[in-house]
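Worksheet: the structure to be examined is printed underneath.
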Amino acid sequence: MLALHILSLSFWTFLVLSSLALFPVAVLIWALTVGFDRRLVALHRFTCFWASLYTWLNPAWPVTVEGRERIPRDVACVIVSNHQSFVDILVLFRLFTHFKWVSKIENFRVPLIGWNMSLNRYIKLIRGKRESVLQMMRDCEATLAGGSSVMIFPEGTRSVDGRLRDFKGGAFEIALRTRSPIVPIALDGTSRALPKRGYLLQGKHPIHVRVLEPIPPASFANLSVEELTERVRACIAAQLPSEAQPIARTG
């Protein structure tokens, strides 16, 4: 237990100190490129590097990424992943592909890291407020039209026990409206590495990120939002181990 406390203290200390050092670099990159890099590709790529440091340098979190090459590079997509832990965010940056996060507004208020999210023009969401949800969807549609993919956790929040939760339909309504491909991602291991409730790292746990085959818009054009939501959820669920499977509904 002492070792876990030392590991956790080291991790969070490194996160704070590295953020103090790297945020000014992000501001400099933004200032030098914002005039011609309309999608802020350079800043997002630096942010991928920044976030990846926390798994690259952490021996307790060996990460395996499969299928990165399946993410289309020539068309903006709606990328969706299950959500087990705070670590998911760090791990998905390991894709090193261009996208804009959809994230709750509280994350944008975190010093340094949240400020960098604003610089990147990631998409804010106030959970529980319908007008904010509608604005988020408009922002996503504009982002896709501008050539950037969007990354969304359709569960809406982290799973408490690592099991797949119900999906909200917003991401899939956006894909239907914009006729954008959907890229499902199955992510596992992060809930064991750092559960939702608590900041104590739980020792060594392999983390797997599996990018699944993109779903072309022609294949779901005639589906309802509800049908498409369940189709993608089932696709992700099929790639998860038994302990991450949703609890079967009864009745």
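Naming works like this for the structure tokens: A, B, ... for the chains as they're shown, residue 1 at the start of each chain, ligands 1 onward in shown order.
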
Would you list the contacts of Thr33 of chain A as a short mmCIF file (atom, residue, chain, number, x, y, z; two decimals) with C-alpha atoms, in the first residue's frame, taking every protein, DNA or RNA residue within 9 Å and counting only C-alpha atoms, but skipping same-chain residues closer than 5 positions in sequence?
```cif
data_model
loop_
_atom_site.label_atom_id
_atom_site.label_comp_id
_atom_site.auth_asym_id
_atom_site.auth_seq_id
_atom_site.Cartn_x
_atom_site.Cartn_y
_atom_site.Cartn_z
CA LEU A 28 3.77 29.72 -27.89
CA ARG A 38 -7.20 27.12 -38.80
CA LEU A 40 -5.04 24.04 -34.75
CA ALA A 42 -0.05 21.66 -34.55
CA LEU A 43 -1.38 22.57 -31.11
#
```

Find the spatial neighbours of segment 149-161 of chain A, counting only C-alpha atoms, within a cut-off of 7 Å - ignore same-chain residues fewer than 2 positions away - and output them as an NGL selection string.
:A and (76-85 or 98-102 or 140 or 144 or 147 or 163-168 or 171 or 196)

Notebook entry, point to check: So which residues touch Leu119 of chain A within 12 Å, counting only C-alpha atoms, skipping near sequence neighbours fewer than 5 positions away, as an NGL selection string?
Noted result: :A and (23-31 or 33-34 or 39-44 or 46-47 or 100 or 108 or 112-114)

Limited to C-alpha atoms, could you put the picked residues into a file as a CSV table (one decimal), in the first residue's frame?
```csv
chain,number,residue,atom,x,y,z
A,23,PHE,CA,1.5,25.1,-20.9
A,24,PRO,CA,3.7,28.0,-21.9
A,25,VAL,CA,5.0,25.9,-24.8
A,26,ALA,CA,1.4,25.3,-25.9
A,27,VAL,CA,0.7,29.1,-25.7
A,28,LEU,CA,3.8,29.7,-27.9
A,29,ILE,CA,2.7,27.1,-30.5
A,30,TRP,CA,-0.8,28.6,-30.5
A,31,ALA,CA,0.6,32.1,-31.0
A,33,THR,CA,0.4,28.9,-35.7
A,34,VAL,CA,-3.1,30.3,-35.1
A,39,ARG,CA,-7.9,23.7,-37.3
A,40,LEU,CA,-5.0,24.0,-34.8
A,41,VAL,CA,-3.5,20.8,-35.9
A,42,ALA,CA,0.0,21.7,-34.6
A,43,LEU,CA,-1.4,22.6,-31.1
A,44,HIS,CA,-3.4,19.4,-30.9
A,46,PHE,CA,1.6,18.9,-29.1
A,47,THR,CA,-1.3,18.2,-26.7
A,100,LYS,CA,-11.7,18.0,-31.0
A,108,PHE,CA,-12.0,23.6,-19.0
A,112,LEU,CA,-3.2,24.9,-17.2
A,113,ILE,CA,-4.7,21.7,-18.6
A,114,GLY,CA,-8.2,23.2,-19.0
```

Here atom CA of Cys48 of chain A and atom CA of Ser18 of chain A stand apart by 13.8 Å

A straight line from atom CA of Val209 of chain A to atom CA of Leu92 of chain A spans 7.8 Å

In terms of only C-alpha atoms, the residue from A:Pro246, A:Gly128, A:Pro184, A:Pro59 at minimal distance from Glu213 of chain A is A:Pro184
